[in-house]
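Enquirer: Questions regarding the structure given below will be posed in turn.
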Amino acid sequence: MNRRKFLQLSAVGTGAVMAGIEPLRAEAPAASVRPATTVAMPISIVPLAKNDLDTMFADMRERAGVNALFPFMYSHEPHRAGVPPSETFHGGNYARPHMQYYKDTPLTFEDMRGTEFGDVDMLERIIPVARKHGIRVFCFLLEDNTLPATVPNWQSLYEVDHHGRRTKGHPGGPCFNNPAYKNFTLGLVEDYARSYDIGGIMWGSERQSGFLNTLSISQSGGQDPGGTTCFCEFCQNKGHGLGIDVERARAGYDEAEKFLRAGRAGEKPRDGYFATFWRLLMQYPEVLAWENLWVTSRHAFQADIYRRIKSANPALQVGFHVWQNVSFSPFQRAEENLTDLAGCADFIRPALYNNVAGGRFINFVKGAHSAVLGDLSPASASDVLLHQLGYDEVAYDRLAATGFSAGYVERETRRSVESVAGHPAQIWPGVDIDVPVGRGQGHCTPESVASAVKAAFAGGAKGIILSRNYTEMKPENLSGAGKALRELGVI
Ligand SMILES: [Zn+2]
């Protein structure tokens, strides 16, 4: 039975704060009618445009019981479309934008429309075929990491760094307080929600606050410490309204930038890295206020997405992707408290790619070692972090070869489940099936994938997102996931 047939809107809330969101949630189904556990598959656009869909969807169903397809439906990045990089790549919406939903944004139909696959509305193409195979289609909206070079109108939506420069990409991105970006995003989700027979929408943003970027505390370590965001006019106005001294915050980021650059140059602080870091926070507490502004602005943006979708179609499931960096960083773990999202999500997908985690965590350690954790050797920093995070993984010098264990998947799933306790939000972890690794790093096997899938459900998962992309997966490893799901009775 189709889930939406028995879901009913209980009431429409009007609260502007997170606490006002719960009434927008659809009522839970009757106990006698249990919807199938979601087994989701993200996918880039190329195979949806070029493959025989019946054959491909039958393969997903047969191997792993996939019942939800998550295409990267809006992106200006070639790899999410599934094509090689090119300077002329345009990308955008692979469905057709319906312009009545896009108000007060500089982006035009031509800016938004992805033209790489001809005049085809990809949602119109895939939804009827997917339905035949018992697969619902969810639009996966993962924020771009780079300013689209071929769409100049995107520039004014991007963040401004503490030197007053417009950013062009990661770790900067579009600003959550910029009304034009908000209008575009809310228009996009409303367009999908009203124009197509989809199962839901998942939105994600693989970024963190500016201070952590400045200090290189990231799995993407080595970034420009001068790129702290955001100091655009909208964030400054919001900061003033909250009583934050914007110029003191800016000065604090200047000091943090100097601290990081000195660390990279090998200049050890007299009092040690950690003491210097802590002193910086005492002298510039405005930095933390600015961090909180950034983090809470994103959460408010996510709540707006939830509200807009539910207002358009309360039967749709709304979810959020969570960047894997959150599971490596006690600093971002503090910022990204899933409890803050629990009231405005039907599902949350923590990215828990255990095989590739070894190499990513090593990158994180190297980044943090250049400043805040510079007093420790990388191996010691790794031990400390693993203890702080509550993981039981191998020593630093073996992590690249082994990756993280299935135990990491179970622990992070359980922590996520506990974070949303008391809310109907479900945790659907993203489990690693051949996420690309660096040289010398271990690869997934059918057995390792099966272990990770079982670990997710042992941790309390209510669904699963096979990750990251169907096009990356070896068929036998996808079958490994299916074998585990069958043994668990999920499919
Ligand atoms: Zn801003």
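Labels for the structure tokens follow display order: chains A, B, ..., residues from 1 in each chain, ligands from 1.
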Enumerate the residues of region 35-186 of chain A with a DSSP assignment of strand (DSSP E or B), computed from the backbone, and present them as a VMD selection string.
Expert: chain A and resid 38 to 43 68 to 72 74 to 75 92 to 93 113 136 to 142 146 158 160 to 161 166 169 174
Enquirer: Write a file of the just-selected residues containing N, CA, C and O atoms, as a compact mmCIF listing (two decimals), in the first residue's frame.
Expert:
# COMPACT_ATOMS: atom_id res chain seq x y z
N THR A 38 12.80 1.73 4.29
CA THR A 38 13.38 2.37 3.11
C THR A 38 14.80 1.86 2.85
O THR A 38 15.65 1.87 3.75
N VAL A 39 15.00 1.39 1.63
CA VAL A 39 16.34 1.02 1.15
C VAL A 39 16.61 1.93 -0.04
O VAL A 39 16.03 1.76 -1.11
N ALA A 40 17.46 2.93 0.18
CA ALA A 40 17.59 4.01 -0.81
C ALA A 40 18.89 3.92 -1.59
O ALA A 40 19.91 3.45 -1.07
N MET A 41 18.81 4.42 -2.82
CA MET A 41 19.97 4.40 -3.72
C MET A 41 20.18 5.77 -4.37
O MET A 41 19.40 6.17 -5.23
N PRO A 42 21.23 6.50 -3.95
CA PRO A 42 21.58 7.73 -4.67
C PRO A 42 22.15 7.39 -6.06
O PRO A 42 22.76 6.33 -6.24
N ILE A 43 21.94 8.31 -6.99
CA ILE A 43 22.39 8.02 -8.35
C ILE A 43 22.61 9.33 -9.11
O ILE A 43 21.86 10.29 -8.93
N ALA A 68 13.76 3.05 -2.97
CA ALA A 68 13.77 4.52 -3.05
C ALA A 68 14.98 4.95 -3.85
O ALA A 68 16.10 4.52 -3.57
N LEU A 69 14.76 5.78 -4.86
CA LEU A 69 15.84 6.26 -5.72
C LEU A 69 16.10 7.73 -5.38
O LEU A 69 15.16 8.53 -5.30
N PHE A 70 17.37 8.08 -5.16
CA PHE A 70 17.75 9.44 -4.77
C PHE A 70 18.63 10.08 -5.85
O PHE A 70 19.84 10.19 -5.67
N PRO A 71 18.07 10.52 -6.97
CA PRO A 71 18.90 11.16 -7.98
C PRO A 71 19.38 12.55 -7.54
O PRO A 71 18.64 13.27 -6.87
N PHE A 72 20.61 12.91 -7.95
CA PHE A 72 21.14 14.26 -7.69
C PHE A 72 20.44 15.20 -8.66
O PHE A 72 20.93 15.48 -9.74
N TYR A 74 19.42 18.45 -8.69
CA TYR A 74 19.86 19.82 -9.04
C TYR A 74 21.32 19.96 -8.67
O TYR A 74 21.67 19.91 -7.48
N SER A 75 22.18 20.16 -9.63
CA SER A 75 23.60 20.43 -9.35
C SER A 75 24.27 21.02 -10.57
O SER A 75 23.96 20.64 -11.70
N GLY A 92 22.47 22.06 -13.43
CA GLY A 92 21.32 22.74 -12.84
C GLY A 92 20.22 21.74 -12.55
O GLY A 92 20.47 20.64 -12.06
N ASN A 93 19.01 22.13 -12.89
CA ASN A 93 17.83 21.29 -12.60
C ASN A 93 17.61 20.35 -13.78
O ASN A 93 17.39 20.79 -14.91
N ARG A 113 18.16 25.64 -15.61
CA ARG A 113 17.85 24.44 -16.38
C ARG A 113 19.12 23.70 -16.79
O ARG A 113 19.98 24.24 -17.48
N ARG A 136 10.13 4.46 -5.14
CA ARG A 136 9.74 5.86 -5.06
C ARG A 136 10.95 6.74 -5.38
O ARG A 136 12.09 6.37 -5.06
N VAL A 137 10.70 7.89 -5.95
CA VAL A 137 11.79 8.80 -6.31
C VAL A 137 11.83 9.95 -5.31
O VAL A 137 10.81 10.60 -5.05
N PHE A 138 13.02 10.16 -4.74
CA PHE A 138 13.27 11.30 -3.86
C PHE A 138 14.28 12.22 -4.54
O PHE A 138 15.29 11.74 -5.06
N CYS A 139 14.02 13.52 -4.53
CA CYS A 139 15.02 14.45 -5.07
C CYS A 139 16.11 14.66 -4.03
O CYS A 139 15.82 15.04 -2.90
N PHE A 140 17.36 14.40 -4.42
CA PHE A 140 18.51 14.60 -3.53
C PHE A 140 19.16 15.91 -3.94
O PHE A 140 19.68 16.03 -5.05
N LEU A 141 19.12 16.90 -3.04
CA LEU A 141 19.68 18.22 -3.32
C LEU A 141 20.90 18.41 -2.43
O LEU A 141 20.79 18.76 -1.26
N LEU A 142 22.07 18.15 -3.00
CA LEU A 142 23.32 18.33 -2.27
C LEU A 142 23.98 19.59 -2.80
O LEU A 142 24.30 19.69 -3.98
N THR A 146 31.28 24.30 -5.45
CA THR A 146 31.98 25.30 -6.25
C THR A 146 30.97 26.23 -6.91
O THR A 146 29.92 25.79 -7.38
N TYR A 158 26.55 33.98 -2.96
CA TYR A 158 27.62 33.34 -2.20
C TYR A 158 28.08 34.17 -1.00
O TYR A 158 27.90 35.39 -0.94
N VAL A 160 30.55 35.91 1.92
CA VAL A 160 31.65 36.87 1.89
C VAL A 160 32.58 36.54 3.06
O VAL A 160 32.13 36.32 4.18
N ASP A 161 33.90 36.49 2.78
CA ASP A 161 34.83 36.10 3.85
C ASP A 161 35.19 37.29 4.75
O ASP A 161 34.73 38.41 4.53
N ARG A 166 34.11 38.02 -1.91
CA ARG A 166 33.07 37.04 -2.26
C ARG A 166 33.74 35.68 -2.45
O ARG A 166 34.74 35.57 -3.16
N GLY A 169 33.64 29.07 -3.53
CA GLY A 169 33.44 27.64 -3.33
C GLY A 169 33.90 27.19 -1.97
O GLY A 169 34.24 28.02 -1.11
N PRO A 174 26.93 29.20 -0.83
CA PRO A 174 25.83 30.15 -0.78
C PRO A 174 25.46 30.45 0.67
O PRO A 174 25.59 29.58 1.54
Enquirer: Please provide the set of residues having any atom within 10 Å of Val490 (chain A), restricted to only C-alpha atoms, with same-chain residues fewer than 3 positions apart removed, written as a list in words.
Expert: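 In the requested form, the answer reads Ala36, Thr37, Thr38, Val39, Gly65, Phe457, Lys462, Gly463, Gly482, Ala484, Leu485, Arg486 and Glu487 of chain A.
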Enquirer: Give me, as a PyMOL selection string, all polymer residues having an atom no more than 9 Å from region 334-345 of chain A, counting only C-alpha atoms and skipping those fewer than 2 positions away in the same chain.
Expert: chain A and resi 18-22+24-25+208-209+291-292+295-296+299+302-307+317-320+322+326+329-332+347-348+416+418-426
Enquirer: Separation of CA of Arg349 (chain A) and CA of Pro429 (chain A), in Å?
Expert: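 Between these atoms lies a distance of 4.8 Å.
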Enquirer: Go through region 85-219 of chain A and collect every residue that DSSP, computed from the backbone, puts in helix (DSSP H, G or I); the answer should be as JSON, numbers by chain.
Expert: {"A": [99, 100, 101, 109, 110, 111, 112, 122, 123, 124, 125, 126, 127, 128, 129, 130, 131, 132, 152, 153, 154, 155, 156, 157, 179, 180, 181, 182, 183, 184, 185, 186, 187, 188, 189, 190, 191, 192, 193, 194, 195, 210, 211, 212, 213, 214]}
Enquirer: With C-alpha atoms retained, could you export that selection as a PDB file, in the first residue's frame?
Expert:
ATOM      1  CA  MET A  99       8.892  29.619 -12.889  1.00  0.00           C
ATOM      2  CA  GLN A 100       5.889  30.492 -10.739  1.00  0.00           C
ATOM      3  CA  TYR A 101       7.822  29.032  -7.789  1.00  0.00           C
ATOM      4  CA  PHE A 109      15.091  29.667 -16.205  1.00  0.00           C
ATOM      5  CA  GLU A 110      18.203  29.400 -18.404  1.00  0.00           C
ATOM      6  CA  ASP A 111      20.453  29.659 -15.313  1.00  0.00           C
ATOM      7  CA  MET A 112      18.645  26.840 -13.567  1.00  0.00           C
ATOM      8  CA  MET A 122      14.279  13.642 -15.962  1.00  0.00           C
ATOM      9  CA  LEU A 123      11.653  13.278 -13.249  1.00  0.00           C
ATOM     10  CA  GLU A 124       8.952  12.768 -15.880  1.00  0.00           C
ATOM     11  CA  ARG A 125      11.179  10.123 -17.459  1.00  0.00           C
ATOM     12  CA  ILE A 126      12.048   8.120 -14.370  1.00  0.00           C
ATOM     13  CA  ILE A 127       9.043   8.321 -12.025  1.00  0.00           C
ATOM     14  CA  PRO A 128       6.629   6.094 -14.038  1.00  0.00           C
ATOM     15  CA  VAL A 129       9.271   3.442 -14.663  1.00  0.00           C
ATOM     16  CA  ALA A 130      10.452   3.467 -11.062  1.00  0.00           C
ATOM     17  CA  ARG A 131       6.878   3.058  -9.861  1.00  0.00           C
ATOM     18  CA  LYS A 132       6.511  -0.140 -11.899  1.00  0.00           C
ATOM     19  CA  PRO A 152      27.275  34.366 -13.223  1.00  0.00           C
ATOM     20  CA  ASN A 153      23.983  35.090 -11.462  1.00  0.00           C
ATOM     21  CA  TRP A 154      24.981  32.651  -8.718  1.00  0.00           C
ATOM     22  CA  GLN A 155      27.782  34.955  -7.499  1.00  0.00           C
ATOM     23  CA  SER A 156      25.626  37.318  -5.466  1.00  0.00           C
ATOM     24  CA  LEU A 157      24.210  34.356  -3.520  1.00  0.00           C
ATOM     25  CA  PRO A 179      17.218  36.017   0.814  1.00  0.00           C
ATOM     26  CA  ALA A 180      17.954  35.254  -2.847  1.00  0.00           C
ATOM     27  CA  TYR A 181      19.472  31.867  -1.961  1.00  0.00           C
ATOM     28  CA  LYS A 182      16.650  31.122   0.426  1.00  0.00           C
ATOM     29  CA  ASN A 183      14.040  32.068  -2.184  1.00  0.00           C
ATOM     30  CA  PHE A 184      15.726  29.871  -4.790  1.00  0.00           C
ATOM     31  CA  THR A 185      15.988  26.858  -2.487  1.00  0.00           C
ATOM     32  CA  LEU A 186      12.455  27.123  -1.130  1.00  0.00           C
ATOM     33  CA  GLY A 187      11.130  27.644  -4.646  1.00  0.00           C
ATOM     34  CA  LEU A 188      13.000  24.568  -5.846  1.00  0.00           C
ATOM     35  CA  VAL A 189      11.665  22.262  -3.152  1.00  0.00           C
ATOM     36  CA  GLU A 190       8.147  23.612  -3.592  1.00  0.00           C
ATOM     37  CA  ASP A 191       8.421  23.084  -7.342  1.00  0.00           C
ATOM     38  CA  TYR A 192       9.390  19.433  -6.840  1.00  0.00           C
ATOM     39  CA  ALA A 193       6.778  18.937  -4.122  1.00  0.00           C
ATOM     40  CA  ARG A 194       3.903  20.344  -6.186  1.00  0.00           C
ATOM     41  CA  SER A 195       4.881  19.353  -9.720  1.00  0.00           C
ATOM     42  CA  GLY A 210      34.095  29.431   9.453  1.00  0.00           C
ATOM     43  CA  PHE A 211      36.253  29.199  12.581  1.00  0.00           C
ATOM     44  CA  LEU A 212      36.728  25.461  12.158  1.00  0.00           C
ATOM     45  CA  ASN A 213      37.692  26.040   8.537  1.00  0.00           C
ATOM     46  CA  THR A 214      40.136  28.782   9.500  1.00  0.00           C
TER      47      THR A 214
END
Enquirer: Write out as a Markdown table the residues of chain A that have any atom within 9 Å of an atom of ligand 1, one row each with the nearest atom pair and its distance in Å to one decimal, counting only C-alpha atoms and all ligand atoms, sorted by chain and then rising number.
Expert:
| residue | atom | partner | partner_atom_place_in_ligand_line | distance |
| --- | --- | --- | --- | --- |
| A:Leu157 | CA | ligand 1 | 1 (Zn) | 8.6 |
| A:Tyr158 | CA | ligand 1 | 1 (Zn) | 7.6 |
| A:Glu159 | CA | ligand 1 | 1 (Zn) | 5.0 |
| A:Val160 | CA | ligand 1 | 1 (Zn) | 6.4 |
| A:Asp161 | CA | ligand 1 | 1 (Zn) | 8.8 |
| A:Pro174 | CA | ligand 1 | 1 (Zn) | 7.9 |
| A:Cys175 | CA | ligand 1 | 1 (Zn) | 4.6 |
| A:Phe176 | CA | ligand 1 | 1 (Zn) | 6.5 |
| A:Asn177 | CA | ligand 1 | 1 (Zn) | 5.3 |
| A:Asn178 | CA | ligand 1 | 1 (Zn) | 6.0 |
| A:Thr229 | CA | ligand 1 | 1 (Zn) | 7.2 |
| A:Cys230 | CA | ligand 1 | 1 (Zn) | 4.5 |
| A:Phe231 | CA | ligand 1 | 1 (Zn) | 5.4 |
| A:Cys232 | CA | ligand 1 | 1 (Zn) | 4.2 |
| A:Glu233 | CA | ligand 1 | 1 (Zn) | 6.6 |
| A:Phe234 | CA | ligand 1 | 1 (Zn) | 5.4 |
| A:Cys235 | CA | ligand 1 | 1 (Zn) | 4.3 |
| A:Gln236 | CA | ligand 1 | 1 (Zn) | 7.4 |
| A:Trp294 | CA | ligand 1 | 1 (Zn) | 8.3 |
Enquirer: Those residues with N, CA and C atoms, as a PDB file, in the first residue's frame please?
Expert:
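Full text of out.pdb as output:
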ATOM      1  N   LEU A 157      24.796  35.204  -4.559  1.00  0.00           N
ATOM      2  CA  LEU A 157      24.210  34.356  -3.520  1.00  0.00           C
ATOM      3  C   LEU A 157      25.275  33.802  -2.574  1.00  0.00           C
ATOM      4  N   TYR A 158      26.549  33.980  -2.956  1.00  0.00           N
ATOM      5  CA  TYR A 158      27.623  33.341  -2.195  1.00  0.00           C
ATOM      6  C   TYR A 158      28.077  34.174  -0.997  1.00  0.00           C
ATOM      7  N   GLU A 159      28.698  33.462  -0.058  1.00  0.00           N
ATOM      8  CA  GLU A 159      29.157  34.089   1.177  1.00  0.00           C
ATOM      9  C   GLU A 159      30.317  35.054   0.914  1.00  0.00           C
ATOM     10  N   VAL A 160      30.546  35.910   1.918  1.00  0.00           N
ATOM     11  CA  VAL A 160      31.652  36.871   1.887  1.00  0.00           C
ATOM     12  C   VAL A 160      32.585  36.538   3.056  1.00  0.00           C
ATOM     13  N   ASP A 161      33.897  36.494   2.783  1.00  0.00           N
ATOM     14  CA  ASP A 161      34.827  36.099   3.852  1.00  0.00           C
ATOM     15  C   ASP A 161      35.194  37.285   4.746  1.00  0.00           C
ATOM     16  N   PRO A 174      26.934  29.202  -0.828  1.00  0.00           N
ATOM     17  CA  PRO A 174      25.830  30.150  -0.780  1.00  0.00           C
ATOM     18  C   PRO A 174      25.458  30.454   0.672  1.00  0.00           C
ATOM     19  N   CYS A 175      25.017  31.684   0.928  1.00  0.00           N
ATOM     20  CA  CYS A 175      24.772  32.104   2.311  1.00  0.00           C
ATOM     21  C   CYS A 175      23.339  31.802   2.738  1.00  0.00           C
ATOM     22  N   PHE A 176      23.232  31.171   3.908  1.00  0.00           N
ATOM     23  CA  PHE A 176      21.907  30.788   4.417  1.00  0.00           C
ATOM     24  C   PHE A 176      21.067  31.998   4.828  1.00  0.00           C
ATOM     25  N   ASN A 177      21.726  33.156   5.000  1.00  0.00           N
ATOM     26  CA  ASN A 177      20.967  34.362   5.353  1.00  0.00           C
ATOM     27  C   ASN A 177      20.707  35.262   4.157  1.00  0.00           C
ATOM     28  N   ASN A 178      21.127  34.818   2.983  1.00  0.00           N
ATOM     29  CA  ASN A 178      20.903  35.607   1.763  1.00  0.00           C
ATOM     30  C   ASN A 178      19.494  35.294   1.237  1.00  0.00           C
ATOM     31  N   THR A 229      33.858  32.496   6.714  1.00  0.00           N
ATOM     32  CA  THR A 229      32.564  33.102   6.357  1.00  0.00           C
ATOM     33  C   THR A 229      31.613  33.011   7.542  1.00  0.00           C
ATOM     34  N   CYS A 230      30.565  33.819   7.493  1.00  0.00           N
ATOM     35  CA  CYS A 230      30.193  34.727   6.420  1.00  0.00           C
ATOM     36  C   CYS A 230      30.035  36.133   6.998  1.00  0.00           C
ATOM     37  N   PHE A 231      30.537  37.091   6.223  1.00  0.00           N
ATOM     38  CA  PHE A 231      30.410  38.502   6.623  1.00  0.00           C
ATOM     39  C   PHE A 231      29.688  39.304   5.546  1.00  0.00           C
ATOM     40  N   CYS A 232      28.708  38.681   4.913  1.00  0.00           N
ATOM     41  CA  CYS A 232      27.916  39.418   3.924  1.00  0.00           C
ATOM     42  C   CYS A 232      26.989  40.405   4.645  1.00  0.00           C
ATOM     43  N   GLU A 233      26.360  41.259   3.886  1.00  0.00           N
ATOM     44  CA  GLU A 233      25.513  42.293   4.500  1.00  0.00           C
ATOM     45  C   GLU A 233      24.374  41.685   5.322  1.00  0.00           C
ATOM     46  N   PHE A 234      23.867  40.556   4.874  1.00  0.00           N
ATOM     47  CA  PHE A 234      22.735  39.945   5.581  1.00  0.00           C
ATOM     48  C   PHE A 234      23.182  39.334   6.914  1.00  0.00           C
ATOM     49  N   CYS A 235      24.369  38.712   6.903  1.00  0.00           N
ATOM     50  CA  CYS A 235      24.875  38.150   8.155  1.00  0.00           C
ATOM     51  C   CYS A 235      25.268  39.270   9.123  1.00  0.00           C
ATOM     52  N   GLN A 236      25.862  40.335   8.586  1.00  0.00           N
ATOM     53  CA  GLN A 236      26.214  41.461   9.468  1.00  0.00           C
ATOM     54  C   GLN A 236      24.961  42.059  10.106  1.00  0.00           C
ATOM     55  N   TRP A 294      26.256  31.295  12.426  1.00  0.00           N
ATOM     56  CA  TRP A 294      26.340  30.518  11.172  1.00  0.00           C
ATOM     57  C   TRP A 294      25.593  29.183  11.319  1.00  0.00           C
TER      58      TRP A 294
END
Enquirer: Considering only C-alpha atoms, return as a PyMOL selection string whatever protein or nucleic-acid residues lie within 8 Å of Arg414 (chain A), sequence-local ones (same chain, fewer than 2 positions apart) excluded.
Expert: chain A and resi 410-412+416-418+459-461
Enquirer: Residues of the last selection are to be written out with N, CA, C and O atoms, as a compact mmCIF listing (two decimals), in the first residue's frame.
Expert:
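File written: part_14.txt
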# COMPACT_ATOMS: atom_id res chain seq x y z
N GLU A 410 27.87 1.23 13.69
CA GLU A 410 26.90 0.95 14.76
C GLU A 410 26.90 2.05 15.82
O GLU A 410 25.85 2.54 16.24
N ARG A 411 28.09 2.47 16.24
CA ARG A 411 28.16 3.49 17.30
C ARG A 411 27.57 4.82 16.85
O ARG A 411 26.83 5.48 17.58
N GLU A 412 27.93 5.23 15.63
CA GLU A 412 27.42 6.52 15.15
C GLU A 412 25.92 6.47 14.86
O GLU A 412 25.21 7.46 15.02
N SER A 416 23.21 8.76 16.82
CA SER A 416 22.24 9.56 16.06
C SER A 416 20.81 9.24 16.49
O SER A 416 19.98 10.14 16.64
N VAL A 417 20.53 7.96 16.67
CA VAL A 417 19.19 7.54 17.11
C VAL A 417 18.87 8.18 18.47
O VAL A 417 17.77 8.71 18.69
N GLU A 418 19.85 8.15 19.37
CA GLU A 418 19.62 8.74 20.69
C GLU A 418 19.42 10.26 20.59
O GLU A 418 18.69 10.85 21.37
N GLY A 459 22.47 -0.68 15.34
CA GLY A 459 22.51 0.61 16.02
C GLY A 459 21.16 1.30 16.10
O GLY A 459 21.05 2.38 16.67
N GLY A 460 20.16 0.71 15.47
CA GLY A 460 18.81 1.28 15.58
C GLY A 460 18.32 1.99 14.34
O GLY A 460 17.29 2.69 14.39
N ALA A 461 19.01 1.80 13.20
CA ALA A 461 18.55 2.44 11.96
C ALA A 461 17.16 1.96 11.61
O ALA A 461 16.81 0.80 11.84
Enquirer: Considering only C-alpha atoms, return as a list in words whatever protein or nucleic-acid residues lie within 8 Å of Phe89 (chain A), sequence-local ones (same chain, fewer than 2 positions apart) excluded.
Expert: His76, Glu77, Pro78, Pro85, Ser86, Glu87, Gly91, Glu116 and Thr150 of chain A
Enquirer: So how many Å separate CA of Phe117 (chain A) and CA of Ala49 (chain A), to one decimal?
Expert: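 According to the coordinates, CA of Phe117 (chain A) and CA of Ala49 (chain A) are separated by 6.7 Å.
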Enquirer: For Glu143 (chain A), please output as a list of chain:residue names all residues within 7 Å (counting only C-alpha atoms; exclusion window: fewer than 2 positions along the same chain).
Expert: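 In the requested format, the answer is A:Leu141, A:Asn145, A:Gly204, A:Ser205.
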Enquirer: Kindly save the residues from that selection, with N, CA, C and O atoms included, as a PDB file, in the first residue's frame.
Expert:
ATOM      1  N   LEU A 141      19.118  16.895  -3.043  1.00  0.00           N
ATOM      2  CA  LEU A 141      19.681  18.218  -3.317  1.00  0.00           C
ATOM      3  C   LEU A 141      20.903  18.415  -2.435  1.00  0.00           C
ATOM      4  O   LEU A 141      20.788  18.757  -1.261  1.00  0.00           O
ATOM      5  N   ASN A 145      29.812  22.422  -4.229  1.00  0.00           N
ATOM      6  CA  ASN A 145      31.013  22.860  -3.529  1.00  0.00           C
ATOM      7  C   ASN A 145      31.725  23.993  -4.247  1.00  0.00           C
ATOM      8  O   ASN A 145      32.672  24.564  -3.720  1.00  0.00           O
ATOM      9  N   GLY A 204      21.153  18.546   1.549  1.00  0.00           N
ATOM     10  CA  GLY A 204      22.405  18.438   2.310  1.00  0.00           C
ATOM     11  C   GLY A 204      23.376  19.536   1.964  1.00  0.00           C
ATOM     12  O   GLY A 204      23.319  20.131   0.883  1.00  0.00           O
ATOM     13  N   SER A 205      24.261  19.817   2.904  1.00  0.00           N
ATOM     14  CA  SER A 205      25.271  20.860   2.743  1.00  0.00           C
ATOM     15  C   SER A 205      26.532  20.361   3.440  1.00  0.00           C
ATOM     16  O   SER A 205      26.536  20.199   4.659  1.00  0.00           O
TER      17      SER A 205
END
Enquirer: Kindly give the distance, in Å, that separates CA of Gly118 (chain A) and CA of Ile201 (chain A), rounded to a single decimal.
Expert: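 For CA of Gly118 (chain A) relative to CA of Ile201 (chain A), the distance reads 23.9 Å.
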Enquirer: Just the residues within 8 Å of region 287-289 of chain A, please, counting only C-alpha atoms, with nothing from its chain fewer than 4 positions along; format it as a ChimeraX atom specification.
Expert: /A:211,244,248-250,252-253,281,293
Enquirer: Considering only C-alpha atoms, tabulate each residue of region 292-391 of chain A that lies at most 9 Å from region 446-455 of chain A along with its nearest interatomic pair and the corresponding distance in Å to one decimal; arrange the rows by chain and ascending residue number and present them as CSV.
Expert:
residue,atom,partner,partner_atom,distance
A:Tyr353,CA,A:Ala452,CA,8.9
A:Asn354,CA,A:Ala452,CA,7.6
A:Asn355,CA,A:Ser448,CA,8.4
Enquirer: Write to file, as a PDB file, in the first residue's frame, the residues of the selection just made, with N, CA, C and O atoms.
Expert:
ATOM      1  N   TYR A 353      30.512   6.321   5.982  1.00  0.00           N
ATOM      2  CA  TYR A 353      31.209   5.488   4.994  1.00  0.00           C
ATOM      3  C   TYR A 353      32.447   4.884   5.665  1.00  0.00           C
ATOM      4  O   TYR A 353      33.514   5.485   5.689  1.00  0.00           O
ATOM      5  N   ASN A 354      32.314   3.676   6.192  1.00  0.00           N
ATOM      6  CA  ASN A 354      33.366   3.162   7.072  1.00  0.00           C
ATOM      7  C   ASN A 354      34.649   2.810   6.336  1.00  0.00           C
ATOM      8  O   ASN A 354      35.742   2.974   6.857  1.00  0.00           O
ATOM      9  N   ASN A 355      34.548   2.328   5.099  1.00  0.00           N
ATOM     10  CA  ASN A 355      35.776   1.930   4.416  1.00  0.00           C
ATOM     11  C   ASN A 355      36.651   3.140   4.082  1.00  0.00           C
ATOM     12  O   ASN A 355      37.839   3.165   4.379  1.00  0.00           O
TER      13      ASN A 355
END
Enquirer: Restricting the calculation to only C-alpha atoms, which member of A:Thr445, A:Ser220, A:Asp434, A:Leu385 is positioned closest to Thr471 (chain A)?
Expert: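 Once distances to Thr471 (chain A) are computed over only C-alpha atoms, the minimum belongs to A:Asp434.
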Enquirer: I need the residue nearest Ala481 (chain A) from this list: A:Gly226, A:Glu257, A:Ile465, A:Arg264. Use only C-alpha atoms for the distance.
Expert: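 For Ala481 (chain A), the nearest of the given residues is A:Ile465.
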Enquirer: For a quick check of understanding, using only C-alpha atoms, which of A:Gly222, A:Glu472, A:Thr402, A:Gly407 has the smallest distance to Phe364 (chain A)?
Expert: A:Gly222
Enquirer: For Pro475 (chain A), which residue among A:Lys50, A:Arg63, A:Arg261, A:His443 is the nearest when counting only C-alpha atoms?
Expert: A:Arg63
